[in-house]
>>> print(open('run_16.txt').read())   # compact mmCIF, N, CA and C atoms
# COMPACT_ATOMS: atom_id res chain seq x y z
N MET E 1 0.85 -1.18 0.00
CA MET E 1 0.00 0.00 0.00
C MET E 1 0.89 1.24 0.00
N ALA E 2 0.57 2.17 -0.86
CA ALA E 2 1.40 3.38 -1.00
C ALA E 2 1.10 4.39 0.10
N ASN E 3 2.13 5.12 0.49
CA ASN E 3 1.99 6.20 1.46
C ASN E 3 1.83 7.51 0.71
N ASP E 4 1.05 8.44 1.27
CA ASP E 4 0.95 9.79 0.74
C ASP E 4 1.84 10.68 1.59
N ILE E 5 2.71 11.44 0.93
CA ILE E 5 3.65 12.34 1.62
C ILE E 5 3.54 13.71 0.97
N ASN E 6 3.33 14.74 1.77
CA ASN E 6 3.27 16.11 1.25
C ASN E 6 4.64 16.74 1.42
N ILE E 7 5.33 17.01 0.30
CA ILE E 7 6.64 17.65 0.41
C ILE E 7 6.52 19.16 0.20
N GLY E 8 5.37 19.65 -0.24
CA GLY E 8 5.12 21.09 -0.32
C GLY E 8 5.73 21.78 -1.53
N LYS E 9 5.29 23.01 -1.74
CA LYS E 9 5.75 23.81 -2.88
C LYS E 9 7.17 24.31 -2.72
N GLY E 10 7.60 24.60 -1.53
CA GLY E 10 8.90 25.22 -1.33
C GLY E 10 10.07 24.24 -1.35
N GLN E 11 9.80 22.97 -1.49
CA GLN E 11 10.85 21.95 -1.43
C GLN E 11 11.61 21.88 -2.76
N GLN E 12 12.92 21.85 -2.72
CA GLN E 12 13.74 21.81 -3.93
C GLN E 12 13.86 20.41 -4.54
N ALA E 13 13.33 19.41 -3.87
CA ALA E 13 13.42 18.05 -4.40
C ALA E 13 12.60 17.91 -5.68
N ALA E 14 11.46 18.58 -5.73
CA ALA E 14 10.62 18.56 -6.92
C ALA E 14 9.88 19.89 -7.00
N SER E 15 9.87 20.48 -8.17
CA SER E 15 9.17 21.74 -8.35
C SER E 15 8.31 21.65 -9.61
N ALA E 16 7.21 22.39 -9.60
CA ALA E 16 6.28 22.35 -10.73
C ALA E 16 5.94 23.76 -11.17
N ASN E 17 5.46 23.85 -12.39
CA ASN E 17 4.97 25.14 -12.89
C ASN E 17 3.90 24.90 -13.95
N VAL E 18 3.07 25.92 -14.12
CA VAL E 18 1.99 25.84 -15.11
C VAL E 18 1.78 27.25 -15.67
N TRP E 19 1.61 27.34 -16.99
CA TRP E 19 1.37 28.63 -17.61
C TRP E 19 0.58 28.42 -18.90
N MET E 20 -0.11 29.48 -19.32
CA MET E 20 -0.88 29.44 -20.56
C MET E 20 0.00 29.92 -21.71
N SER E 21 -0.11 29.25 -22.84
CA SER E 21 0.58 29.68 -24.04
C SER E 21 -0.03 31.00 -24.50
N PRO E 22 0.81 31.98 -24.88
CA PRO E 22 0.26 33.27 -25.32
C PRO E 22 -0.39 33.20 -26.70
N ASN E 23 -0.16 32.13 -27.46
CA ASN E 23 -0.63 32.05 -28.84
C ASN E 23 -1.90 31.23 -29.03
N ASP E 24 -2.22 30.36 -28.08
CA ASP E 24 -3.41 29.53 -28.23
C ASP E 24 -3.91 29.10 -26.85
N ASP E 25 -4.89 28.22 -26.82
CA ASP E 25 -5.48 27.77 -25.56
C ASP E 25 -4.77 26.52 -25.03
N THR E 26 -3.45 26.59 -24.93
CA THR E 26 -2.68 25.45 -24.46
C THR E 26 -2.16 25.72 -23.06
N LEU E 27 -2.40 24.78 -22.19
CA LEU E 27 -1.89 24.82 -20.82
C LEU E 27 -0.57 24.06 -20.82
N ASN E 28 0.52 24.75 -20.47
CA ASN E 28 1.86 24.14 -20.44
C ASN E 28 2.19 23.77 -18.99
N ILE E 29 2.56 22.53 -18.79
CA ILE E 29 2.77 21.99 -17.45
C ILE E 29 4.17 21.41 -17.39
N GLY E 30 4.90 21.71 -16.33
CA GLY E 30 6.25 21.19 -16.19
C GLY E 30 6.57 20.80 -14.77
N MET E 31 7.50 19.87 -14.63
CA MET E 31 7.98 19.45 -13.32
C MET E 31 9.46 19.13 -13.44
N SER E 32 10.21 19.50 -12.41
CA SER E 32 11.64 19.23 -12.34
C SER E 32 11.90 18.45 -11.05
N ILE E 33 12.69 17.37 -11.15
CA ILE E 33 12.88 16.47 -10.01
C ILE E 33 14.35 16.18 -9.81
N SER E 34 14.78 16.24 -8.54
CA SER E 34 16.14 15.87 -8.17
C SER E 34 16.09 14.61 -7.31
N ASP E 35 16.58 13.50 -7.86
CA ASP E 35 16.59 12.24 -7.10
C ASP E 35 17.42 12.38 -5.82
N SER E 36 18.56 13.06 -5.91
CA SER E 36 19.42 13.19 -4.73
C SER E 36 18.73 13.98 -3.62
N ARG E 37 17.98 15.02 -3.99
CA ARG E 37 17.26 15.79 -2.97
C ARG E 37 16.09 15.00 -2.39
N LEU E 38 15.44 14.17 -3.20
CA LEU E 38 14.40 13.30 -2.66
C LEU E 38 14.99 12.36 -1.62
N ARG E 39 16.13 11.78 -1.96
CA ARG E 39 16.78 10.86 -1.01
C ARG E 39 17.22 11.58 0.26
N SER E 40 17.64 12.86 0.14
CA SER E 40 18.06 13.61 1.32
C SER E 40 16.88 13.89 2.26
N LEU E 41 15.65 13.78 1.74
CA LEU E 41 14.46 13.93 2.57
C LEU E 41 14.07 12.61 3.24
N GLY E 42 14.84 11.56 2.95
CA GLY E 42 14.53 10.25 3.52
C GLY E 42 13.54 9.45 2.69
N ILE E 43 13.32 9.87 1.45
CA ILE E 43 12.38 9.18 0.56
C ILE E 43 13.14 8.21 -0.32
N GLU E 44 12.75 6.95 -0.26
CA GLU E 44 13.42 5.96 -1.12
C GLU E 44 12.95 6.14 -2.55
N THR E 45 13.89 6.18 -3.47
CA THR E 45 13.54 6.26 -4.88
C THR E 45 14.56 5.49 -5.71
N ASP E 46 14.03 4.75 -6.67
CA ASP E 46 14.89 4.01 -7.59
C ASP E 46 15.27 4.86 -8.79
N GLY E 47 14.85 6.14 -8.79
CA GLY E 47 15.16 7.04 -9.90
C GLY E 47 14.18 6.93 -11.05
N LEU E 48 13.16 6.11 -10.90
CA LEU E 48 12.17 5.92 -11.96
C LEU E 48 10.83 6.54 -11.53
N GLU E 49 10.88 7.80 -11.15
CA GLU E 49 9.68 8.48 -10.69
C GLU E 49 8.65 8.60 -11.81
N ARG E 50 7.38 8.70 -11.41
CA ARG E 50 6.28 8.82 -12.35
C ARG E 50 5.44 10.05 -11.97
N PRO E 51 5.80 11.22 -12.51
CA PRO E 51 5.08 12.45 -12.18
C PRO E 51 3.74 12.55 -12.91
N PHE E 52 2.80 13.21 -12.26
CA PHE E 52 1.48 13.40 -12.85
C PHE E 52 0.89 14.72 -12.37
N VAL E 53 -0.16 15.14 -13.04
CA VAL E 53 -0.90 16.34 -12.65
C VAL E 53 -2.38 15.95 -12.64
N ILE E 54 -3.12 16.53 -11.71
CA ILE E 54 -4.56 16.30 -11.66
C ILE E 54 -5.22 17.64 -11.96
N VAL E 55 -6.09 17.64 -12.97
CA VAL E 55 -6.69 18.86 -13.50
C VAL E 55 -8.21 18.80 -13.30
N PRO E 56 -8.81 19.92 -12.87
CA PRO E 56 -10.27 19.92 -12.71
C PRO E 56 -10.97 19.88 -14.07
N ARG E 57 -12.00 19.05 -14.14
CA ARG E 57 -12.75 18.91 -15.40
C ARG E 57 -14.21 18.62 -15.09
N HIS E 58 -15.05 19.61 -15.29
CA HIS E 58 -16.50 19.49 -15.08
C HIS E 58 -16.84 19.03 -13.66
N GLY E 59 -16.20 19.62 -12.67
CA GLY E 59 -16.51 19.30 -11.28
C GLY E 59 -15.81 18.07 -10.74
N GLU E 60 -15.06 17.37 -11.58
CA GLU E 60 -14.29 16.20 -11.15
C GLU E 60 -12.82 16.48 -11.41
N TRP E 61 -11.97 15.51 -11.16
CA TRP E 61 -10.53 15.67 -11.38
C TRP E 61 -10.04 14.58 -12.33
N LYS E 62 -9.22 14.99 -13.30
CA LYS E 62 -8.66 14.04 -14.27
C LYS E 62 -7.15 14.02 -14.15
N ARG E 63 -6.60 12.81 -14.11
CA ARG E 63 -5.15 12.64 -14.01
C ARG E 63 -4.52 12.55 -15.40
N TYR E 64 -3.38 13.25 -15.53
CA TYR E 64 -2.56 13.17 -16.75
C TYR E 64 -1.13 12.87 -16.31
N ASP E 65 -0.51 11.88 -16.93
CA ASP E 65 0.90 11.60 -16.66
C ASP E 65 1.77 12.55 -17.46
N LEU E 66 2.84 13.05 -16.85
CA LEU E 66 3.78 13.93 -17.54
C LEU E 66 4.80 13.08 -18.30
N GLN E 67 5.29 13.62 -19.41
CA GLN E 67 6.26 12.90 -20.22
C GLN E 67 7.68 13.35 -19.89
N TYR E 68 8.59 12.40 -19.94
CA TYR E 68 10.00 12.68 -19.68
C TYR E 68 10.54 13.62 -20.74
N GLY E 69 11.20 14.69 -20.32
CA GLY E 69 11.73 15.67 -21.25
C GLY E 69 13.24 15.66 -21.33
N GLY E 70 13.90 15.01 -20.38
CA GLY E 70 15.35 14.95 -20.41
C GLY E 70 15.96 15.20 -19.04
N THR E 71 17.26 15.04 -18.99
CA THR E 71 18.03 15.27 -17.77
C THR E 71 18.97 16.43 -18.01
N TYR E 72 19.12 17.28 -17.03
CA TYR E 72 20.01 18.42 -17.17
C TYR E 72 20.74 18.66 -15.86
N SER E 73 21.79 19.43 -15.94
CA SER E 73 22.57 19.78 -14.77
C SER E 73 22.32 21.24 -14.43
N ASN E 74 22.00 21.50 -13.17
CA ASN E 74 21.80 22.86 -12.70
C ASN E 74 23.18 23.50 -12.55
N ARG E 75 23.45 24.55 -13.31
CA ARG E 75 24.79 25.16 -13.32
C ARG E 75 25.28 25.57 -11.94
N GLY E 76 24.43 26.20 -11.15
CA GLY E 76 24.86 26.73 -9.87
C GLY E 76 25.30 25.67 -8.88
N SER E 77 24.63 24.53 -8.90
CA SER E 77 24.93 23.51 -7.89
C SER E 77 25.47 22.21 -8.47
N ASN E 78 25.57 22.11 -9.79
CA ASN E 78 25.97 20.87 -10.45
C ASN E 78 25.02 19.72 -10.13
N GLU E 79 23.82 20.06 -9.73
CA GLU E 79 22.82 19.07 -9.38
C GLU E 79 22.16 18.52 -10.64
N ILE E 80 21.97 17.23 -10.71
CA ILE E 80 21.31 16.58 -11.83
C ILE E 80 19.80 16.57 -11.57
N ARG E 81 19.03 17.03 -12.55
CA ARG E 81 17.58 17.08 -12.43
C ARG E 81 16.94 16.46 -13.67
N ASP E 82 15.80 15.83 -13.48
CA ASP E 82 15.01 15.30 -14.58
C ASP E 82 13.86 16.26 -14.83
N SER E 83 13.56 16.51 -16.10
CA SER E 83 12.44 17.38 -16.41
C SER E 83 11.33 16.57 -17.09
N TYR E 84 10.11 16.97 -16.79
CA TYR E 84 8.92 16.33 -17.34
C TYR E 84 7.98 17.43 -17.79
N ASN E 85 7.18 17.17 -18.82
CA ASN E 85 6.27 18.19 -19.29
C ASN E 85 5.04 17.58 -19.95
N LEU E 86 4.09 18.48 -20.17
CA LEU E 86 2.84 18.10 -20.82
C LEU E 86 2.18 19.37 -21.33
N CYS E 87 1.64 19.32 -22.53
CA CYS E 87 0.87 20.43 -23.09
C CYS E 87 -0.57 19.94 -23.28
N LEU E 88 -1.52 20.66 -22.70
CA LEU E 88 -2.93 20.29 -22.82
C LEU E 88 -3.68 21.40 -23.53
N ASN E 89 -4.31 21.07 -24.64
CA ASN E 89 -5.16 22.02 -25.33
C ASN E 89 -6.51 22.01 -24.61
N LEU E 90 -6.91 23.16 -24.06
CA LEU E 90 -8.11 23.23 -23.25
C LEU E 90 -9.35 22.75 -23.99
N GLU E 91 -9.53 23.22 -25.21
CA GLU E 91 -10.72 22.85 -25.97
C GLU E 91 -10.74 21.35 -26.29
N ARG E 92 -9.63 20.84 -26.78
CA ARG E 92 -9.56 19.42 -27.15
C ARG E 92 -9.78 18.50 -25.96
N GLU E 93 -9.30 18.91 -24.77
CA GLU E 93 -9.44 18.09 -23.56
C GLU E 93 -10.75 18.35 -22.82
N GLY E 94 -11.53 19.32 -23.30
CA GLY E 94 -12.80 19.64 -22.63
C GLY E 94 -12.59 20.32 -21.29
N LEU E 95 -11.53 21.13 -21.18
CA LEU E 95 -11.20 21.82 -19.93
C LEU E 95 -11.63 23.28 -20.00
N SER E 96 -11.99 23.83 -18.87
CA SER E 96 -12.40 25.22 -18.78
C SER E 96 -11.29 26.03 -18.10
N LEU E 97 -10.83 27.10 -18.74
CA LEU E 97 -9.80 27.94 -18.14
C LEU E 97 -10.30 28.53 -16.83
N ASP E 98 -11.57 28.93 -16.78
CA ASP E 98 -12.12 29.48 -15.54
C ASP E 98 -12.05 28.46 -14.41
N GLU E 99 -12.39 27.20 -14.70
CA GLU E 99 -12.34 26.15 -13.69
C GLU E 99 -10.89 25.86 -13.27
N VAL E 100 -9.98 25.84 -14.24
CA VAL E 100 -8.57 25.61 -13.94
C VAL E 100 -8.02 26.72 -13.05
N LYS E 101 -8.38 27.98 -13.37
CA LYS E 101 -7.92 29.10 -12.56
C LYS E 101 -8.52 29.07 -11.15
N ALA E 102 -9.79 28.68 -11.05
CA ALA E 102 -10.46 28.67 -9.75
C ALA E 102 -9.95 27.53 -8.86
N GLU E 103 -9.79 26.35 -9.42
CA GLU E 103 -9.42 25.17 -8.62
C GLU E 103 -7.92 24.92 -8.58
N GLY E 104 -7.20 25.32 -9.63
CA GLY E 104 -5.78 25.04 -9.72
C GLY E 104 -5.50 23.60 -10.13
N LEU E 105 -4.23 23.27 -10.21
CA LEU E 105 -3.79 21.93 -10.59
C LEU E 105 -3.01 21.32 -9.42
N ALA E 106 -3.20 20.03 -9.20
CA ALA E 106 -2.46 19.32 -8.15
C ALA E 106 -1.38 18.47 -8.80
N PHE E 107 -0.16 18.59 -8.29
CA PHE E 107 0.97 17.83 -8.82
C PHE E 107 1.36 16.71 -7.86
N GLY E 108 1.60 15.54 -8.42
CA GLY E 108 2.02 14.39 -7.63
C GLY E 108 3.14 13.65 -8.32
N LEU E 109 3.73 12.76 -7.56
CA LEU E 109 4.89 12.01 -8.02
C LEU E 109 4.86 10.64 -7.37
N ASN E 110 4.71 9.58 -8.16
CA ASN E 110 4.78 8.23 -7.63
C ASN E 110 6.23 7.78 -7.63
N VAL E 111 6.72 7.32 -6.50
CA VAL E 111 8.09 6.84 -6.37
C VAL E 111 8.07 5.50 -5.63
N SER E 112 9.16 4.77 -5.76
CA SER E 112 9.35 3.56 -4.98
C SER E 112 10.84 3.30 -4.86
N GLY E 113 11.19 2.48 -3.88
CA GLY E 113 12.58 2.10 -3.69
C GLY E 113 12.95 0.99 -4.65
N SER E 114 14.09 0.38 -4.41
CA SER E 114 14.54 -0.68 -5.30
C SER E 114 13.55 -1.83 -5.33
N TYR E 115 13.37 -2.38 -6.52
CA TYR E 115 12.45 -3.50 -6.77
C TYR E 115 11.03 -3.21 -6.32
N GLY E 116 10.61 -1.93 -6.38
CA GLY E 116 9.24 -1.57 -6.06
C GLY E 116 8.93 -1.47 -4.58
N SER E 117 9.96 -1.49 -3.73
CA SER E 117 9.73 -1.41 -2.29
C SER E 117 9.30 0.00 -1.88
N ASP E 118 8.59 0.11 -0.79
CA ASP E 118 8.17 1.38 -0.20
C ASP E 118 7.55 2.35 -1.19
N PRO E 119 6.50 1.93 -1.92
CA PRO E 119 5.87 2.87 -2.85
C PRO E 119 5.24 4.04 -2.09
N ALA E 120 5.30 5.22 -2.71
CA ALA E 120 4.73 6.41 -2.09
C ALA E 120 4.26 7.37 -3.18
N THR E 121 3.28 8.18 -2.84
CA THR E 121 2.86 9.28 -3.69
C THR E 121 3.26 10.56 -2.98
N LEU E 122 4.09 11.35 -3.62
CA LEU E 122 4.52 12.62 -3.08
C LEU E 122 3.63 13.71 -3.68
N TRP E 123 3.17 14.63 -2.85
CA TRP E 123 2.34 15.74 -3.30
C TRP E 123 3.14 17.02 -3.16
N LEU E 124 3.09 17.86 -4.21
CA LEU E 124 3.89 19.08 -4.23
C LEU E 124 3.14 20.29 -3.67
N GLN E 125 1.99 20.07 -3.09
CA GLN E 125 1.20 21.14 -2.49
C GLN E 125 0.29 20.55 -1.41
N GLY E 126 -0.13 21.41 -0.50
CA GLY E 126 -1.09 20.98 0.50
C GLY E 126 -2.51 21.16 0.00
N TYR E 127 -3.46 20.71 0.77
CA TYR E 127 -4.87 20.81 0.41
C TYR E 127 -5.24 22.28 0.22
N GLY E 128 -5.88 22.60 -0.91
CA GLY E 128 -6.30 23.97 -1.20
C GLY E 128 -5.19 24.91 -1.64
N ASP E 129 -3.99 24.38 -1.84
CA ASP E 129 -2.85 25.20 -2.22
C ASP E 129 -2.34 24.82 -3.61
N ASN E 130 -3.26 24.53 -4.52
CA ASN E 130 -2.91 24.07 -5.86
C ASN E 130 -2.24 25.16 -6.69
N TYR E 131 -1.57 24.72 -7.73
CA TYR E 131 -0.87 25.63 -8.66
C TYR E 131 -1.90 26.20 -9.64
N ARG E 132 -1.76 27.49 -9.93
CA ARG E 132 -2.67 28.16 -10.86
C ARG E 132 -1.88 28.85 -11.97
N PRO E 133 -2.43 28.80 -13.21
CA PRO E 133 -1.73 29.46 -14.31
C PRO E 133 -1.80 30.99 -14.16
>>> encode(input="run_16.txt", output="structure tokens")
Amino acid sequence: MANDINIGKGQQAASANVWMSPNDDTLNIGMSISDSRLRSLGIETDGLERPFVIVPRHGEWKRYDLQYGGTYSNRGSNEIRDSYNLCLNLEREGLSLDEVKAEGLAFGLNVSGSYGSDPATLWLQGYGDNYRP
């Protein structure tokens, strides 16, 4: 059974962002994750994290998995981070910008230790503290 752990918005282990494209009705979603910082929090991870976002849709919530975008090194700290992203067209997905702005988006991250041990869902925000574009 997986544990739910709230690591919060201010934690450097994983950070998220969301913004609207200036040219169309696309919601751009991103997450950056540092395996070493997750481990420094005492969270077991095999490095195969599975980030996701939950978006409000007609009074319910829909989960979307983020896609791996690559690994990069943070110049200031030489820290290795993985980036993930997703672009959602509001009209095509049946999403309302007003609802997204009102409710915000919830970011999560499924992790586990070696061989699937200690599965957990990490949340990047507390209840009612969702990310808004």
>>> closest_residue(input="run_16.txt", among="E:Asp65, E:Glu99, E:Asp25, E:Asp82", to="Arg50 in chain E", atoms="all atoms listed in the file")
E:Asp65
>>> select_by_dssp(input="run_16.txt", residues="chain E", states="strand (DSSP E or B)", output="ChimeraX atom specification")
/E:3-6,14-20,26-33,50-57,60-65,67-74,79-89,105-111,120-123,131
>>> atom_distance(input="run_16.txt", atom1="CA of Tyr131 in chain E", atom2="atom C of Leu109 in chain E")
16.1 Å
>>> residues_around(input="run_16.txt", residues="Glu103 in chain E", least_positions_apart="6", cutoff="12 Å", atoms="only C-alpha atoms", output="list of chain:residue names")
E:Ile54, E:Val55, E:Pro56, E:Arg57, E:His58, E:Gly59, E:Glu60, E:Trp61, E:Leu95, E:Ser96, E:Leu97, E:Tyr127, E:Gly128, E:Asp129, E:Asn130, E:Tyr131, E:Arg132, E:Pro133
>>> residues_around(input="run_16.txt", residues="Asn28 in chain E", least_positions_apart="4", cutoff="8 Å", atoms="only N, CA and C atoms", output="PyMOL selection string")
chain E and resi 17-21+85-89
>>> atom_distance(input="run_16.txt", atom1="atom N of Ser114 in chain E", atom2="CA of Glu44 in chain E")
6.5 Å
>>> residues_around(input="run_16.txt", residues="Ser32 in chain E", least_positions_apart="2", cutoff="12 Å", atoms="only C-alpha atoms", output="PyMOL selection string")
chain E and resi 11-17+29-30+34-35+37-38+49-52+66-74+79-85+107-109+124
>>> select_by_dssp(input="run_16.txt", residues="range 17-121 of chain E", states="alpha helix (DSSP H)", output="number ranges by chain")
E: 35-40, 90-93, 97-103
>>> atom_distance(input="run_16.txt", atom1="atom N of Ser77 in chain E", atom2="atom C of Ile7 in chain E")
21.0 Å
>>> closest_residue(input="run_16.txt", among="E:Gly113, E:Gly126, E:Val100, E:Asn78", to="Ile43 in chain E", atoms="all atoms listed in the file")
E:Gly113
>>> build_atoms(input="run_16.txt", residues="range 70-86 of chain E", atoms="N, CA, C and O atoms", output="PDB file, keeping the file's coordinate frame")
ATOM      1  N   GLY E  70      13.900  15.010 -20.380  1.00  0.00           N
ATOM      2  CA  GLY E  70      15.350  14.950 -20.410  1.00  0.00           C
ATOM      3  C   GLY E  70      15.960  15.200 -19.040  1.00  0.00           C
ATOM      4  O   GLY E  70      15.278  15.520 -18.076  1.00  0.00           O
ATOM      5  N   THR E  71      17.260  15.040 -18.990  1.00  0.00           N
ATOM      6  CA  THR E  71      18.030  15.270 -17.770  1.00  0.00           C
ATOM      7  C   THR E  71      18.970  16.430 -18.010  1.00  0.00           C
ATOM      8  O   THR E  71      19.528  16.552 -19.104  1.00  0.00           O
ATOM      9  N   TYR E  72      19.120  17.280 -17.030  1.00  0.00           N
ATOM     10  CA  TYR E  72      20.010  18.420 -17.170  1.00  0.00           C
ATOM     11  C   TYR E  72      20.740  18.660 -15.860  1.00  0.00           C
ATOM     12  O   TYR E  72      20.358  18.156 -14.803  1.00  0.00           O
ATOM     13  N   SER E  73      21.790  19.430 -15.940  1.00  0.00           N
ATOM     14  CA  SER E  73      22.570  19.780 -14.770  1.00  0.00           C
ATOM     15  C   SER E  73      22.320  21.240 -14.430  1.00  0.00           C
ATOM     16  O   SER E  73      22.431  22.109 -15.293  1.00  0.00           O
ATOM     17  N   ASN E  74      22.000  21.500 -13.170  1.00  0.00           N
ATOM     18  CA  ASN E  74      21.800  22.860 -12.700  1.00  0.00           C
ATOM     19  C   ASN E  74      23.180  23.500 -12.550  1.00  0.00           C
ATOM     20  O   ASN E  74      23.998  23.036 -11.763  1.00  0.00           O
ATOM     21  N   ARG E  75      23.450  24.550 -13.310  1.00  0.00           N
ATOM     22  CA  ARG E  75      24.790  25.160 -13.320  1.00  0.00           C
ATOM     23  C   ARG E  75      25.280  25.570 -11.940  1.00  0.00           C
ATOM     24  O   ARG E  75      26.420  25.362 -11.601  1.00  0.00           O
ATOM     25  N   GLY E  76      24.430  26.200 -11.150  1.00  0.00           N
ATOM     26  CA  GLY E  76      24.860  26.730  -9.870  1.00  0.00           C
ATOM     27  C   GLY E  76      25.300  25.670  -8.880  1.00  0.00           C
ATOM     28  O   GLY E  76      26.251  25.865  -8.131  1.00  0.00           O
ATOM     29  N   SER E  77      24.630  24.530  -8.900  1.00  0.00           N
ATOM     30  CA  SER E  77      24.930  23.510  -7.890  1.00  0.00           C
ATOM     31  C   SER E  77      25.470  22.210  -8.470  1.00  0.00           C
ATOM     32  O   SER E  77      25.787  21.287  -7.729  1.00  0.00           O
ATOM     33  N   ASN E  78      25.570  22.110  -9.790  1.00  0.00           N
ATOM     34  CA  ASN E  78      25.970  20.870 -10.450  1.00  0.00           C
ATOM     35  C   ASN E  78      25.020  19.720 -10.130  1.00  0.00           C
ATOM     36  O   ASN E  78      25.377  18.562 -10.252  1.00  0.00           O
ATOM     37  N   GLU E  79      23.820  20.060  -9.730  1.00  0.00           N
ATOM     38  CA  GLU E  79      22.820  19.070  -9.380  1.00  0.00           C
ATOM     39  C   GLU E  79      22.160  18.520 -10.640  1.00  0.00           C
ATOM     40  O   GLU E  79      21.837  19.270 -11.563  1.00  0.00           O
ATOM     41  N   ILE E  80      21.970  17.230 -10.710  1.00  0.00           N
ATOM     42  CA  ILE E  80      21.310  16.580 -11.830  1.00  0.00           C
ATOM     43  C   ILE E  80      19.800  16.570 -11.570  1.00  0.00           C
ATOM     44  O   ILE E  80      19.354  16.173 -10.497  1.00  0.00           O
ATOM     45  N   ARG E  81      19.030  17.030 -12.550  1.00  0.00           N
ATOM     46  CA  ARG E  81      17.580  17.080 -12.430  1.00  0.00           C
ATOM     47  C   ARG E  81      16.940  16.460 -13.670  1.00  0.00           C
ATOM     48  O   ARG E  81      17.466  16.566 -14.774  1.00  0.00           O
ATOM     49  N   ASP E  82      15.800  15.830 -13.480  1.00  0.00           N
ATOM     50  CA  ASP E  82      15.010  15.300 -14.580  1.00  0.00           C
ATOM     51  C   ASP E  82      13.860  16.260 -14.830  1.00  0.00           C
ATOM     52  O   ASP E  82      13.264  16.784 -13.886  1.00  0.00           O
ATOM     53  N   SER E  83      13.560  16.510 -16.100  1.00  0.00           N
ATOM     54  CA  SER E  83      12.440  17.380 -16.410  1.00  0.00           C
ATOM     55  C   SER E  83      11.330  16.570 -17.090  1.00  0.00           C
ATOM     56  O   SER E  83      11.587  15.614 -17.825  1.00  0.00           O
ATOM     57  N   TYR E  84      10.110  16.970 -16.790  1.00  0.00           N
ATOM     58  CA  TYR E  84       8.920  16.330 -17.340  1.00  0.00           C
ATOM     59  C   TYR E  84       7.980  17.430 -17.790  1.00  0.00           C
ATOM     60  O   TYR E  84       7.954  18.520 -17.201  1.00  0.00           O
ATOM     61  N   ASN E  85       7.180  17.170 -18.820  1.00  0.00           N
ATOM     62  CA  ASN E  85       6.270  18.190 -19.290  1.00  0.00           C
ATOM     63  C   ASN E  85       5.040  17.580 -19.950  1.00  0.00           C
ATOM     64  O   ASN E  85       4.995  16.392 -20.245  1.00  0.00           O
ATOM     65  N   LEU E  86       4.090  18.480 -20.170  1.00  0.00           N
ATOM     66  CA  LEU E  86       2.840  18.100 -20.820  1.00  0.00           C
ATOM     67  C   LEU E  86       2.180  19.370 -21.330  1.00  0.00           C
ATOM     68  O   LEU E  86       2.189  20.388 -20.648  1.00  0.00           O
TER      69      LEU E  86
END
